[in-house]
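Engineer: What follows is the file work.cif, containing mmCIF, C-alpha atoms and all ligand atoms:
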```cif
data_work
loop_
_atom_site.group_PDB
_atom_site.id
_atom_site.type_symbol
_atom_site.label_atom_id
_atom_site.label_comp_id
_atom_site.auth_asym_id
_atom_site.auth_seq_id
_atom_site.Cartn_x
_atom_site.Cartn_y
_atom_site.Cartn_z
ATOM 1 C CA MET A 9 -49.053 31.903 70.192
ATOM 2 C CA GLU A 10 -46.008 34.150 69.952
ATOM 3 C CA VAL A 11 -45.645 37.025 72.406
ATOM 4 C CA SER A 12 -43.906 40.373 72.025
ATOM 5 C CA PRO A 13 -43.860 42.371 75.297
ATOM 6 C CA SER A 14 -43.988 46.132 74.686
ATOM 7 C CA LEU A 15 -41.226 47.990 76.510
ATOM 8 C CA LEU A 16 -43.366 51.152 76.583
ATOM 9 C CA ALA A 17 -44.969 49.879 79.795
ATOM 10 C CA ALA A 18 -41.640 49.062 81.485
ATOM 11 C CA ASP A 19 -40.019 51.031 84.317
ATOM 12 C CA PHE A 20 -37.666 53.285 82.335
ATOM 13 C CA ALA A 21 -35.580 53.961 85.437
ATOM 14 C CA ASN A 22 -34.753 50.247 85.532
ATOM 15 C CA LEU A 23 -34.495 49.346 81.874
ATOM 16 C CA SER A 24 -31.645 46.917 82.270
ATOM 17 C CA SER A 25 -33.512 44.766 84.807
ATOM 18 C CA GLU A 26 -36.712 44.974 82.716
ATOM 19 C CA VAL A 27 -34.815 43.744 79.648
ATOM 20 C CA GLY A 28 -33.173 41.074 81.824
ATOM 21 C CA MET A 29 -36.652 39.901 82.848
ATOM 22 C CA ILE A 30 -37.616 39.598 79.158
ATOM 23 C CA ASN A 31 -34.366 37.760 78.369
ATOM 24 C CA SER A 32 -35.137 35.133 80.998
ATOM 25 C CA SER A 33 -38.810 34.793 79.974
ATOM 26 C CA ASN A 34 -40.574 32.748 77.310
ATOM 27 C CA ALA A 35 -41.261 35.866 75.212
ATOM 28 C CA ASP A 36 -40.500 35.522 71.506
ATOM 29 C CA TYR A 37 -39.564 39.160 70.757
ATOM 30 C CA LEU A 38 -39.211 42.535 72.449
ATOM 31 C CA HIS A 39 -41.529 45.207 71.002
ATOM 32 C CA LEU A 40 -40.128 48.755 70.868
ATOM 33 C CA ASP A 41 -42.415 51.721 70.152
ATOM 34 C CA VAL A 42 -40.711 54.692 68.497
ATOM 35 C CA MET A 43 -42.915 57.822 68.458
ATOM 36 C CA ASP A 44 -42.169 61.238 66.993
ATOM 37 C CA GLY A 45 -44.928 63.476 68.405
ATOM 38 C CA VAL A 46 -46.137 64.128 64.841
ATOM 39 C CA PHE A 47 -47.576 60.860 63.547
ATOM 40 C CA VAL A 48 -48.911 60.197 67.054
ATOM 41 C CA PRO A 49 -49.594 62.679 69.881
ATOM 42 C CA ASN A 50 -46.788 61.375 72.086
ATOM 43 C CA ILE A 51 -43.004 60.966 72.138
ATOM 44 C CA SER A 52 -41.494 57.775 73.541
ATOM 45 C CA PHE A 53 -37.808 57.051 72.944
ATOM 46 C CA GLY A 54 -35.360 57.177 70.075
ATOM 47 C CA PHE A 55 -32.313 55.422 68.715
ATOM 48 C CA SER A 56 -29.987 55.909 71.680
ATOM 49 C CA VAL A 57 -32.413 53.916 73.839
ATOM 50 C CA LEU A 58 -32.966 51.337 71.081
ATOM 51 C CA ASP A 59 -29.237 50.954 70.697
ATOM 52 C CA ALA A 60 -28.677 50.457 74.442
ATOM 53 C CA VAL A 61 -31.525 47.937 74.659
ATOM 54 C CA GLY A 62 -30.271 46.139 71.541
ATOM 55 C CA LYS A 63 -26.902 45.584 73.221
ATOM 56 C CA ILE A 64 -28.378 43.728 76.207
ATOM 57 C CA CYS A 65 -31.497 42.095 74.781
ATOM 58 C CA THR A 66 -31.218 38.458 73.694
ATOM 59 C CA LYS A 67 -34.674 38.362 72.051
ATOM 60 C CA PRO A 68 -35.242 39.586 68.490
ATOM 61 C CA LEU A 69 -36.147 43.294 68.469
ATOM 62 C CA ASP A 70 -39.522 44.096 66.914
ATOM 63 C CA VAL A 71 -39.499 47.844 66.216
ATOM 64 C CA HIS A 72 -42.833 49.624 65.717
ATOM 65 C CA MET A 73 -42.243 52.989 64.029
ATOM 66 C CA MET A 74 -44.933 55.558 64.837
ATOM 67 C CA THR A 75 -43.242 58.328 62.896
ATOM 68 C CA VAL A 76 -43.887 60.201 59.696
ATOM 69 C CA GLU A 77 -41.621 59.198 56.794
ATOM 70 C CA PRO A 78 -40.349 55.961 58.389
ATOM 71 C CA TYR A 79 -38.147 55.252 55.330
ATOM 72 C CA LYS A 80 -35.681 57.806 56.737
ATOM 73 C CA TRP A 81 -34.903 55.572 59.693
ATOM 74 C CA VAL A 82 -34.301 52.146 58.103
ATOM 75 C CA SER A 83 -30.520 52.123 58.569
ATOM 76 C CA HIS A 84 -30.816 53.550 62.110
ATOM 77 C CA VAL A 85 -33.211 50.765 63.093
ATOM 78 C CA ARG A 86 -30.959 48.124 61.524
ATOM 79 C CA ASP A 87 -27.887 49.521 63.311
ATOM 80 C CA CYS A 88 -29.651 49.025 66.654
ATOM 81 C CA GLY A 89 -29.801 45.300 65.880
ATOM 82 C CA ALA A 90 -33.498 45.051 65.016
ATOM 83 C CA SER A 91 -34.797 41.899 63.325
ATOM 84 C CA LEU A 92 -38.123 43.370 62.269
ATOM 85 C CA MET A 93 -39.185 46.909 61.338
ATOM 86 C CA ASN A 94 -42.888 47.766 61.352
ATOM 87 C CA VAL A 95 -43.965 50.845 59.379
ATOM 88 C CA HIS A 96 -47.422 52.376 59.266
ATOM 89 C CA VAL A 97 -49.231 52.299 55.925
ATOM 90 C CA GLU A 98 -50.680 55.737 56.787
ATOM 91 C CA ALA A 99 -47.176 57.213 57.184
ATOM 92 C CA SER A 100 -45.631 55.702 54.051
ATOM 93 C CA ARG A 101 -46.075 57.460 50.720
ATOM 94 C CA HIS A 102 -44.064 54.799 48.890
ATOM 95 C CA LEU A 103 -44.731 51.688 50.933
ATOM 96 C CA HIS A 104 -43.368 49.168 48.420
ATOM 97 C CA SER A 105 -40.083 51.030 48.228
ATOM 98 C CA THR A 106 -39.816 51.274 52.042
ATOM 99 C CA VAL A 107 -40.485 47.532 52.378
ATOM 100 C CA SER A 108 -37.711 46.843 49.828
ATOM 101 C CA GLU A 109 -35.301 49.076 51.738
ATOM 102 C CA ILE A 110 -36.063 47.231 54.987
ATOM 103 C CA HIS A 111 -35.296 43.931 53.240
ATOM 104 C CA GLN A 112 -32.111 45.308 51.695
ATOM 105 C CA ALA A 113 -31.020 46.339 55.189
ATOM 106 C CA GLY A 114 -31.369 42.686 56.242
ATOM 107 C CA MET A 115 -34.523 42.967 58.356
ATOM 108 C CA LYS A 116 -37.978 41.455 58.136
ATOM 109 C CA ALA A 117 -40.617 43.958 57.056
ATOM 110 C CA GLY A 118 -43.911 44.561 58.811
ATOM 111 C CA VAL A 119 -46.705 46.877 57.691
ATOM 112 C CA THR A 120 -49.036 48.381 60.270
ATOM 113 C CA LEU A 121 -52.657 49.523 60.048
ATOM 114 C CA ASN A 122 -54.411 51.972 62.368
ATOM 115 C CA PRO A 123 -57.826 50.874 63.669
ATOM 116 C CA SER A 124 -59.734 52.782 60.965
ATOM 117 C CA THR A 125 -57.531 51.725 58.031
ATOM 118 C CA PRO A 126 -59.103 48.854 56.065
ATOM 119 C CA VAL A 127 -57.350 45.527 55.428
ATOM 120 C CA VAL A 128 -58.088 45.811 51.698
ATOM 121 C CA LEU A 129 -55.282 48.393 51.416
ATOM 122 C CA LEU A 130 -52.827 45.532 51.918
ATOM 123 C CA SER A 131 -53.850 43.515 48.874
ATOM 124 C CA ASP A 132 -50.879 44.677 46.756
ATOM 125 C CA ILE A 133 -48.224 44.448 49.465
ATOM 126 C CA ILE A 134 -49.251 41.339 51.416
ATOM 127 C CA GLU A 135 -47.026 38.982 49.396
ATOM 128 C CA ASP A 136 -43.964 41.163 50.046
ATOM 129 C CA VAL A 137 -44.050 41.343 53.839
ATOM 130 C CA GLU A 138 -43.250 38.958 56.676
ATOM 131 C CA LEU A 139 -45.761 40.505 59.066
ATOM 132 C CA VAL A 140 -48.865 42.678 59.314
ATOM 133 C CA LEU A 141 -49.434 44.576 62.553
ATOM 134 C CA LEU A 142 -53.058 45.484 63.219
ATOM 135 C CA MET A 143 -53.444 48.235 65.815
ATOM 136 C CA SER A 144 -56.241 47.397 68.220
ATOM 137 C CA VAL A 145 -56.027 50.851 69.859
ATOM 138 C CA ASN A 146 -55.192 54.248 68.400
ATOM 139 C CA PRO A 147 -51.392 54.373 68.494
ATOM 140 C CA GLY A 148 -49.501 56.583 70.910
ATOM 141 C CA PHE A 149 -50.304 55.326 74.401
ATOM 142 C CA GLY A 150 -50.352 52.143 76.431
ATOM 143 C CA GLY A 151 -53.200 51.049 78.666
ATOM 144 C CA GLN A 152 -56.113 51.794 76.303
ATOM 145 C CA PRO A 153 -59.132 49.506 75.863
ATOM 146 C CA PHE A 154 -59.133 46.988 73.010
ATOM 147 C CA ILE A 155 -61.204 47.970 69.937
ATOM 148 C CA MET A 156 -63.486 45.003 69.185
ATOM 149 C CA ASN A 157 -63.650 45.692 65.432
ATOM 150 C CA THR A 158 -60.064 44.369 65.314
ATOM 151 C CA LEU A 159 -61.436 40.803 65.478
ATOM 152 C CA LYS A 160 -63.227 41.295 62.155
ATOM 153 C CA LYS A 161 -60.034 42.711 60.654
ATOM 154 C CA VAL A 162 -58.014 39.698 61.836
ATOM 155 C CA ARG A 163 -60.465 37.361 60.086
ATOM 156 C CA GLU A 164 -60.351 39.460 56.883
ATOM 157 C CA LEU A 165 -56.560 39.508 56.974
ATOM 158 C CA ARG A 166 -56.392 35.745 57.549
ATOM 159 C CA GLU A 167 -58.566 35.295 54.440
ATOM 160 C CA LEU A 168 -56.354 37.606 52.375
ATOM 161 C CA ILE A 169 -53.230 35.722 53.503
ATOM 162 C CA GLU A 170 -54.764 32.359 52.602
ATOM 163 C CA LYS A 171 -56.045 33.613 49.244
ATOM 164 C CA THR A 172 -52.683 35.036 48.190
ATOM 165 C CA GLY A 173 -50.433 32.390 49.747
ATOM 166 C CA SER A 174 -48.612 35.133 51.671
ATOM 167 C CA LYS A 175 -46.348 34.018 54.517
ATOM 168 C CA ALA A 176 -47.167 37.122 56.588
ATOM 169 C CA LYS A 177 -47.786 36.651 60.300
ATOM 170 C CA ILE A 178 -50.588 38.560 61.979
ATOM 171 C CA GLN A 179 -49.512 40.668 64.952
ATOM 172 C CA ILE A 180 -51.901 42.627 67.182
ATOM 173 C CA ASP A 181 -51.003 45.594 69.391
ATOM 174 C CA GLY A 182 -53.077 47.392 72.020
ATOM 175 C CA GLY A 183 -55.330 46.352 74.881
ATOM 176 C CA VAL A 184 -54.156 42.751 74.783
ATOM 177 C CA ASN A 185 -54.820 40.688 77.903
ATOM 178 C CA GLU A 186 -55.944 37.125 78.608
ATOM 179 C CA THR A 187 -59.552 37.806 77.500
ATOM 180 C CA THR A 188 -58.835 39.761 74.321
ATOM 181 C CA GLY A 189 -55.872 37.479 73.603
ATOM 182 C CA ARG A 190 -58.155 34.449 73.615
ATOM 183 C CA MET A 191 -60.532 36.143 71.152
ATOM 184 C CA LEU A 192 -57.593 37.118 68.937
ATOM 185 C CA ALA A 193 -56.243 33.577 68.961
ATOM 186 C CA GLU A 194 -59.629 32.268 67.814
ATOM 187 C CA ALA A 195 -59.797 34.918 65.066
ATOM 188 C CA GLY A 196 -56.385 33.874 63.696
ATOM 189 C CA ALA A 197 -53.682 36.068 65.257
ATOM 190 C CA ASP A 198 -50.073 34.769 65.357
ATOM 191 C CA ILE A 199 -48.286 37.289 67.606
ATOM 192 C CA LEU A 200 -49.652 39.286 70.543
ATOM 193 C CA VAL A 201 -47.993 42.528 71.669
ATOM 194 C CA ALA A 202 -48.758 43.411 75.283
ATOM 195 C CA GLY A 203 -47.452 46.254 77.424
ATOM 196 C CA SER A 204 -49.403 47.017 80.579
ATOM 197 C CA TYR A 205 -50.776 43.472 80.890
ATOM 198 C CA ILE A 206 -47.194 42.153 81.213
ATOM 199 C CA PHE A 207 -45.110 44.912 82.810
ATOM 200 C CA GLY A 208 -47.887 46.011 85.169
ATOM 201 C CA ALA A 209 -48.200 42.545 86.701
ATOM 202 C CA PRO A 210 -46.624 41.258 89.922
ATOM 203 C CA ASP A 211 -45.431 38.217 87.935
ATOM 204 C CA PRO A 212 -44.733 39.223 84.305
ATOM 205 C CA HIS A 213 -43.424 35.732 83.460
ATOM 206 C CA GLU A 214 -46.791 34.247 84.346
ATOM 207 C CA ARG A 215 -48.591 36.763 82.105
ATOM 208 C CA ILE A 216 -46.251 35.964 79.202
ATOM 209 C CA ASN A 217 -46.931 32.255 79.704
ATOM 210 C CA ILE A 218 -50.703 32.836 79.779
ATOM 211 C CA LEU A 219 -50.560 34.618 76.392
ATOM 212 C CA LYS A 220 -48.196 32.002 74.984
ATOM 213 C CA SER A 221 -50.594 29.203 75.888
ATOM 214 C CA LEU A 222 -53.447 30.694 73.809
ATOM 215 C CA SER A 223 -54.226 28.940 70.554
HETATM 216 C C1 LIG B 1 -49.314 51.945 71.518
HETATM 217 C C2 LIG B 1 -48.157 50.993 71.355
HETATM 218 C C3 LIG B 1 -48.289 49.707 72.072
HETATM 219 C C4 LIG B 1 -48.468 49.828 73.559
HETATM 220 C C5 LIG B 1 -49.446 48.748 73.944
HETATM 221 O O1 LIG B 1 -49.253 52.911 70.546
HETATM 222 O O2 LIG B 1 -47.960 50.686 69.977
HETATM 223 O O3 LIG B 1 -47.231 48.801 71.752
HETATM 224 O O4 LIG B 1 -47.287 49.684 74.305
HETATM 225 O O5 LIG B 1 -49.779 48.930 75.270
HETATM 226 P P1 LIG B 1 -50.920 48.086 75.995
HETATM 227 O O6 LIG B 1 -50.568 46.648 75.805
HETATM 228 O O7 LIG B 1 -50.829 48.561 77.394
HETATM 229 O O8 LIG B 1 -52.220 48.445 75.319
HETATM 230 ZN ZN ZN B 2 -46.523 49.090 69.426
#
```
Go through the file and emit its structure as structure tokens.
Ligand code: DX5
Ligand code: ZN

Structural biologist:
Amino acid sequence: MEVSPSLLAADFANLSSEVGMINSSNADYLHLDVMDGVFVPNISFGFSVLDAVGKICTKPLDVHMMTVEPYKWVSHVRDCGASLMNVHVEASRHLHSTVSEIHQAGMKAGVTLNPSTPVVLLSDIIEDVELVLLMSVNPGFGGQPFIMNTLKKVRELRELIEKTGSKAKIQIDGGVNETTGRMLAEAGADILVAGSYIFGAPDPHERINILKSLS
């Protein structure tokens, strides 16, 4: 299993040591949640924070855009050193064009679905993306309980990927812990995002290793 710790649950007064902890861990990526207070009812951090984190983080940056009109921010995200840009299907009027712009900027493209958005909406974009992010909570806040219907969506998405020959990885975000992580691994997930489960623990390295060992 690949693991992408979500910085949203970190101690923002000690970001450099939190990023240092991730650098020295077995995590595969660092997940960064950008919120605009419009697409989701919360505001997190913007490009100045992303840029500062990008300068000290040695893991690939996995940026999850929870903003309206994410196409406006492609070059900003790239300039912060991101490897992957995730955009919500619900926020993208011209998703194919946004995915192309992300690729042209030299990043991998991820498309993200809210819990109530069906997997079938991906059938005409799945072959063009490197990743699909399924939200297993309503986006905007950490520490929410996992929505069980996500397991069904992971299985549906796995089927769609196999049917089309897409290379997309399946990433899950929200309420991930050892128990839900195990269920997600069985359902076919490739990458687990976890915030409070990792940063809220006395030994975050151990938590990362627990998620990594799931298969
Ligand atoms: C929520 C964010 C998540 C959040 C997950 O909108 O997209 O990445 O940090 O937090 P946990 O793992 O605590 O549910
Ligand atoms: Zn996220």

Engineer: Evaluate the PyMOL selection byres (((not hetatm)) within 10 of (chain B and resi 1)) and record the selected residues as a PyMOL selection string, following the chain and residue labels used in the document.

Structural biologist: chain A and resi 12-18+39-43+48-50+52+71-74+122+141-154+180-185+200-208

Engineer: For the residues in that selection, give me C-alpha atoms as a PDB file, keeping the file's coordinate frame.

Structural biologist:
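Output contents, as saved in again_34.pdb:
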```pdb
ATOM      1  CA  SER A  12     -43.906  40.373  72.025  1.00  0.00           C
ATOM      2  CA  PRO A  13     -43.860  42.371  75.297  1.00  0.00           C
ATOM      3  CA  SER A  14     -43.988  46.132  74.686  1.00  0.00           C
ATOM      4  CA  LEU A  15     -41.226  47.990  76.510  1.00  0.00           C
ATOM      5  CA  LEU A  16     -43.366  51.152  76.583  1.00  0.00           C
ATOM      6  CA  ALA A  17     -44.969  49.879  79.795  1.00  0.00           C
ATOM      7  CA  ALA A  18     -41.640  49.062  81.485  1.00  0.00           C
ATOM      8  CA  HIS A  39     -41.529  45.207  71.002  1.00  0.00           C
ATOM      9  CA  LEU A  40     -40.128  48.755  70.868  1.00  0.00           C
ATOM     10  CA  ASP A  41     -42.415  51.721  70.152  1.00  0.00           C
ATOM     11  CA  VAL A  42     -40.711  54.692  68.497  1.00  0.00           C
ATOM     12  CA  MET A  43     -42.915  57.822  68.458  1.00  0.00           C
ATOM     13  CA  VAL A  48     -48.911  60.197  67.054  1.00  0.00           C
ATOM     14  CA  PRO A  49     -49.594  62.679  69.881  1.00  0.00           C
ATOM     15  CA  ASN A  50     -46.788  61.375  72.086  1.00  0.00           C
ATOM     16  CA  SER A  52     -41.494  57.775  73.541  1.00  0.00           C
ATOM     17  CA  VAL A  71     -39.499  47.844  66.216  1.00  0.00           C
ATOM     18  CA  HIS A  72     -42.833  49.624  65.717  1.00  0.00           C
ATOM     19  CA  MET A  73     -42.243  52.989  64.029  1.00  0.00           C
ATOM     20  CA  MET A  74     -44.933  55.558  64.837  1.00  0.00           C
ATOM     21  CA  ASN A 122     -54.411  51.972  62.368  1.00  0.00           C
ATOM     22  CA  LEU A 141     -49.434  44.576  62.553  1.00  0.00           C
ATOM     23  CA  LEU A 142     -53.058  45.484  63.219  1.00  0.00           C
ATOM     24  CA  MET A 143     -53.444  48.235  65.815  1.00  0.00           C
ATOM     25  CA  SER A 144     -56.241  47.397  68.220  1.00  0.00           C
ATOM     26  CA  VAL A 145     -56.027  50.851  69.859  1.00  0.00           C
ATOM     27  CA  ASN A 146     -55.192  54.248  68.400  1.00  0.00           C
ATOM     28  CA  PRO A 147     -51.392  54.373  68.494  1.00  0.00           C
ATOM     29  CA  GLY A 148     -49.501  56.583  70.910  1.00  0.00           C
ATOM     30  CA  PHE A 149     -50.304  55.326  74.401  1.00  0.00           C
ATOM     31  CA  GLY A 150     -50.352  52.143  76.431  1.00  0.00           C
ATOM     32  CA  GLY A 151     -53.200  51.049  78.666  1.00  0.00           C
ATOM     33  CA  GLN A 152     -56.113  51.794  76.303  1.00  0.00           C
ATOM     34  CA  PRO A 153     -59.132  49.506  75.863  1.00  0.00           C
ATOM     35  CA  PHE A 154     -59.133  46.988  73.010  1.00  0.00           C
ATOM     36  CA  ILE A 180     -51.901  42.627  67.182  1.00  0.00           C
ATOM     37  CA  ASP A 181     -51.003  45.594  69.391  1.00  0.00           C
ATOM     38  CA  GLY A 182     -53.077  47.392  72.020  1.00  0.00           C
ATOM     39  CA  GLY A 183     -55.330  46.352  74.881  1.00  0.00           C
ATOM     40  CA  VAL A 184     -54.156  42.751  74.783  1.00  0.00           C
ATOM     41  CA  ASN A 185     -54.820  40.688  77.903  1.00  0.00           C
ATOM     42  CA  LEU A 200     -49.652  39.286  70.543  1.00  0.00           C
ATOM     43  CA  VAL A 201     -47.993  42.528  71.669  1.00  0.00           C
ATOM     44  CA  ALA A 202     -48.758  43.411  75.283  1.00  0.00           C
ATOM     45  CA  GLY A 203     -47.452  46.254  77.424  1.00  0.00           C
ATOM     46  CA  SER A 204     -49.403  47.017  80.579  1.00  0.00           C
ATOM     47  CA  TYR A 205     -50.776  43.472  80.890  1.00  0.00           C
ATOM     48  CA  ILE A 206     -47.194  42.153  81.213  1.00  0.00           C
ATOM     49  CA  PHE A 207     -45.110  44.912  82.810  1.00  0.00           C
ATOM     50  CA  GLY A 208     -47.887  46.011  85.169  1.00  0.00           C
TER      51      GLY A 208
END
```

Engineer: If you measure from atom CA of Met191 of chain A to atom CA of Val11 of chain A, what distance in Å do you get, rounded to one decimal?

Structural biologist: 15.0 Å

Engineer: Calculated over all atoms listed in the file, which of the candidates A:Arg86, A:Lys63, A:His104, A:His96 has the smallest distance to ligand ZN 2 (chain B)?

Structural biologist: A:His96

Engineer: With all atoms listed in the file as the atoms that count, which of A:Gln179, A:Ser100, A:Ser124, A:Asn34 lies nearest to ligand ZN 2 (chain B)?

Structural biologist: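 Using all atoms listed in the file, the shortest distance to ligand ZN 2 (chain B) belongs to A:Gln179.
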
Engineer: A:Leu38, A:Ile134, A:Ile169, A:Ile178: which is nearest ligand ZN 2 (chain B), counting only C-alpha atoms and all ligand atoms?

Structural biologist: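 Distance minimum relative to ligand ZN 2 (chain B) lands on A:Leu38.
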
Engineer: Excluding Asp87 of chain A and its own-chain neighbours fewer than 3 positions away, which residues fall within 10 Å of it when counting all atoms listed in the file? Please give them as a PyMOL selection string.

Structural biologist: chain A and resi 55+58-59+62+81-84+90+113

Engineer: Write out, as a compact mmCIF listing (two decimals), in the coordinates of the input, the residues just selected, with C-alpha atoms.

Structural biologist:
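What ended up in selection34.txt:
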```txt
# COMPACT_ATOMS: atom_id res chain seq x y z
CA PHE A 55 -32.31 55.42 68.72
CA LEU A 58 -32.97 51.34 71.08
CA ASP A 59 -29.24 50.95 70.70
CA GLY A 62 -30.27 46.14 71.54
CA TRP A 81 -34.90 55.57 59.69
CA VAL A 82 -34.30 52.15 58.10
CA SER A 83 -30.52 52.12 58.57
CA HIS A 84 -30.82 53.55 62.11
CA ALA A 90 -33.50 45.05 65.02
CA ALA A 113 -31.02 46.34 55.19
```

Engineer: Compare A:His111, A:Lys80, A:His102, A:Lys116 by their minimum atom-to-atom distance to Pro68 of chain A, counting all atoms listed in the file, and give me the closest one.

Structural biologist: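 Of the candidates, the smallest distance to Pro68 of chain A is held by A:Lys116.
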
Engineer: Atoms are missing here; could segment 18-26 of chain A be completed with all heavy atoms and written as a PDB file, in the coordinates of the input?

Structural biologist:
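What landed in result-v6.pdb:
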```pdb
ATOM      1  N   ALA A  18     -42.674  49.440  80.504  1.00  0.00           N
ATOM      2  CA  ALA A  18     -41.640  49.062  81.485  1.00  0.00           C
ATOM      3  C   ALA A  18     -41.295  50.252  82.375  1.00  0.00           C
ATOM      4  O   ALA A  18     -41.663  51.390  82.096  1.00  0.00           O
ATOM      5  CB  ALA A  18     -40.392  48.579  80.749  1.00  0.00           C
ATOM      6  N   ASP A  19     -40.544  49.976  83.444  1.00  0.00           N
ATOM      7  CA  ASP A  19     -40.019  51.031  84.317  1.00  0.00           C
ATOM      8  C   ASP A  19     -38.738  51.554  83.659  1.00  0.00           C
ATOM      9  O   ASP A  19     -37.702  50.885  83.675  1.00  0.00           O
ATOM     10  CB  ASP A  19     -39.742  50.413  85.697  1.00  0.00           C
ATOM     11  CG  ASP A  19     -39.096  51.416  86.644  1.00  0.00           C
ATOM     12  OD1 ASP A  19     -38.849  52.572  86.231  1.00  0.00           O
ATOM     13  OD2 ASP A  19     -38.827  51.021  87.795  1.00  0.00           O
ATOM     14  N   PHE A  20     -38.805  52.760  83.091  1.00  0.00           N
ATOM     15  CA  PHE A  20     -37.666  53.285  82.335  1.00  0.00           C
ATOM     16  C   PHE A  20     -36.460  53.617  83.232  1.00  0.00           C
ATOM     17  O   PHE A  20     -35.352  53.773  82.739  1.00  0.00           O
ATOM     18  CB  PHE A  20     -38.072  54.528  81.526  1.00  0.00           C
ATOM     19  CG  PHE A  20     -38.883  54.199  80.293  1.00  0.00           C
ATOM     20  CD1 PHE A  20     -39.348  52.922  80.046  1.00  0.00           C
ATOM     21  CD2 PHE A  20     -39.170  55.190  79.355  1.00  0.00           C
ATOM     22  CE1 PHE A  20     -40.095  52.622  78.905  1.00  0.00           C
ATOM     23  CE2 PHE A  20     -39.913  54.905  78.212  1.00  0.00           C
ATOM     24  CZ  PHE A  20     -40.375  53.619  77.990  1.00  0.00           C
ATOM     25  N   ALA A  21     -36.706  53.712  84.531  1.00  0.00           N
ATOM     26  CA  ALA A  21     -35.580  53.961  85.437  1.00  0.00           C
ATOM     27  C   ALA A  21     -34.809  52.670  85.731  1.00  0.00           C
ATOM     28  O   ALA A  21     -33.743  52.708  86.340  1.00  0.00           O
ATOM     29  CB  ALA A  21     -36.080  54.581  86.736  1.00  0.00           C
ATOM     30  N   ASN A  22     -35.388  51.552  85.290  1.00  0.00           N
ATOM     31  CA  ASN A  22     -34.753  50.247  85.532  1.00  0.00           C
ATOM     32  C   ASN A  22     -34.751  49.405  84.263  1.00  0.00           C
ATOM     33  O   ASN A  22     -35.081  48.220  84.295  1.00  0.00           O
ATOM     34  CB  ASN A  22     -35.510  49.493  86.639  1.00  0.00           C
ATOM     35  CG  ASN A  22     -35.266  50.105  87.993  1.00  0.00           C
ATOM     36  OD1 ASN A  22     -34.131  50.160  88.453  1.00  0.00           O
ATOM     37  ND2 ASN A  22     -36.325  50.605  88.599  1.00  0.00           N
ATOM     38  N   LEU A  23     -34.375  50.048  83.160  1.00  0.00           N
ATOM     39  CA  LEU A  23     -34.495  49.346  81.874  1.00  0.00           C
ATOM     40  C   LEU A  23     -33.665  48.079  81.825  1.00  0.00           C
ATOM     41  O   LEU A  23     -34.095  47.084  81.244  1.00  0.00           O
ATOM     42  CB  LEU A  23     -34.079  50.270  80.727  1.00  0.00           C
ATOM     43  CG  LEU A  23     -35.195  51.110  80.102  1.00  0.00           C
ATOM     44  CD1 LEU A  23     -34.682  51.790  78.842  1.00  0.00           C
ATOM     45  CD2 LEU A  23     -36.424  50.262  79.792  1.00  0.00           C
ATOM     46  N   SER A  24     -32.488  48.109  82.432  1.00  0.00           N
ATOM     47  CA  SER A  24     -31.645  46.917  82.270  1.00  0.00           C
ATOM     48  C   SER A  24     -32.258  45.715  82.995  1.00  0.00           C
ATOM     49  O   SER A  24     -32.231  44.599  82.478  1.00  0.00           O
ATOM     50  CB  SER A  24     -30.194  47.218  82.621  1.00  0.00           C
ATOM     51  OG  SER A  24     -29.881  46.792  83.868  1.00  0.00           O
ATOM     52  N   SER A  25     -32.884  45.940  84.163  1.00  0.00           N
ATOM     53  CA  SER A  25     -33.512  44.766  84.807  1.00  0.00           C
ATOM     54  C   SER A  25     -34.785  44.362  84.081  1.00  0.00           C
ATOM     55  O   SER A  25     -35.126  43.174  84.027  1.00  0.00           O
ATOM     56  CB  SER A  25     -33.742  44.996  86.298  1.00  0.00           C
ATOM     57  OG  SER A  25     -34.726  45.962  86.490  1.00  0.00           O
ATOM     58  N   GLU A  26     -35.503  45.319  83.478  1.00  0.00           N
ATOM     59  CA  GLU A  26     -36.712  44.974  82.716  1.00  0.00           C
ATOM     60  C   GLU A  26     -36.331  44.126  81.488  1.00  0.00           C
ATOM     61  O   GLU A  26     -36.986  43.128  81.186  1.00  0.00           O
ATOM     62  CB  GLU A  26     -37.442  46.247  82.265  1.00  0.00           C
ATOM     63  CG  GLU A  26     -37.960  47.121  83.404  1.00  0.00           C
ATOM     64  CD  GLU A  26     -39.254  46.620  84.026  1.00  0.00           C
ATOM     65  OE1 GLU A  26     -39.301  45.449  84.448  1.00  0.00           O
ATOM     66  OE2 GLU A  26     -40.208  47.414  84.106  1.00  0.00           O
TER      67      GLU A  26
END
```
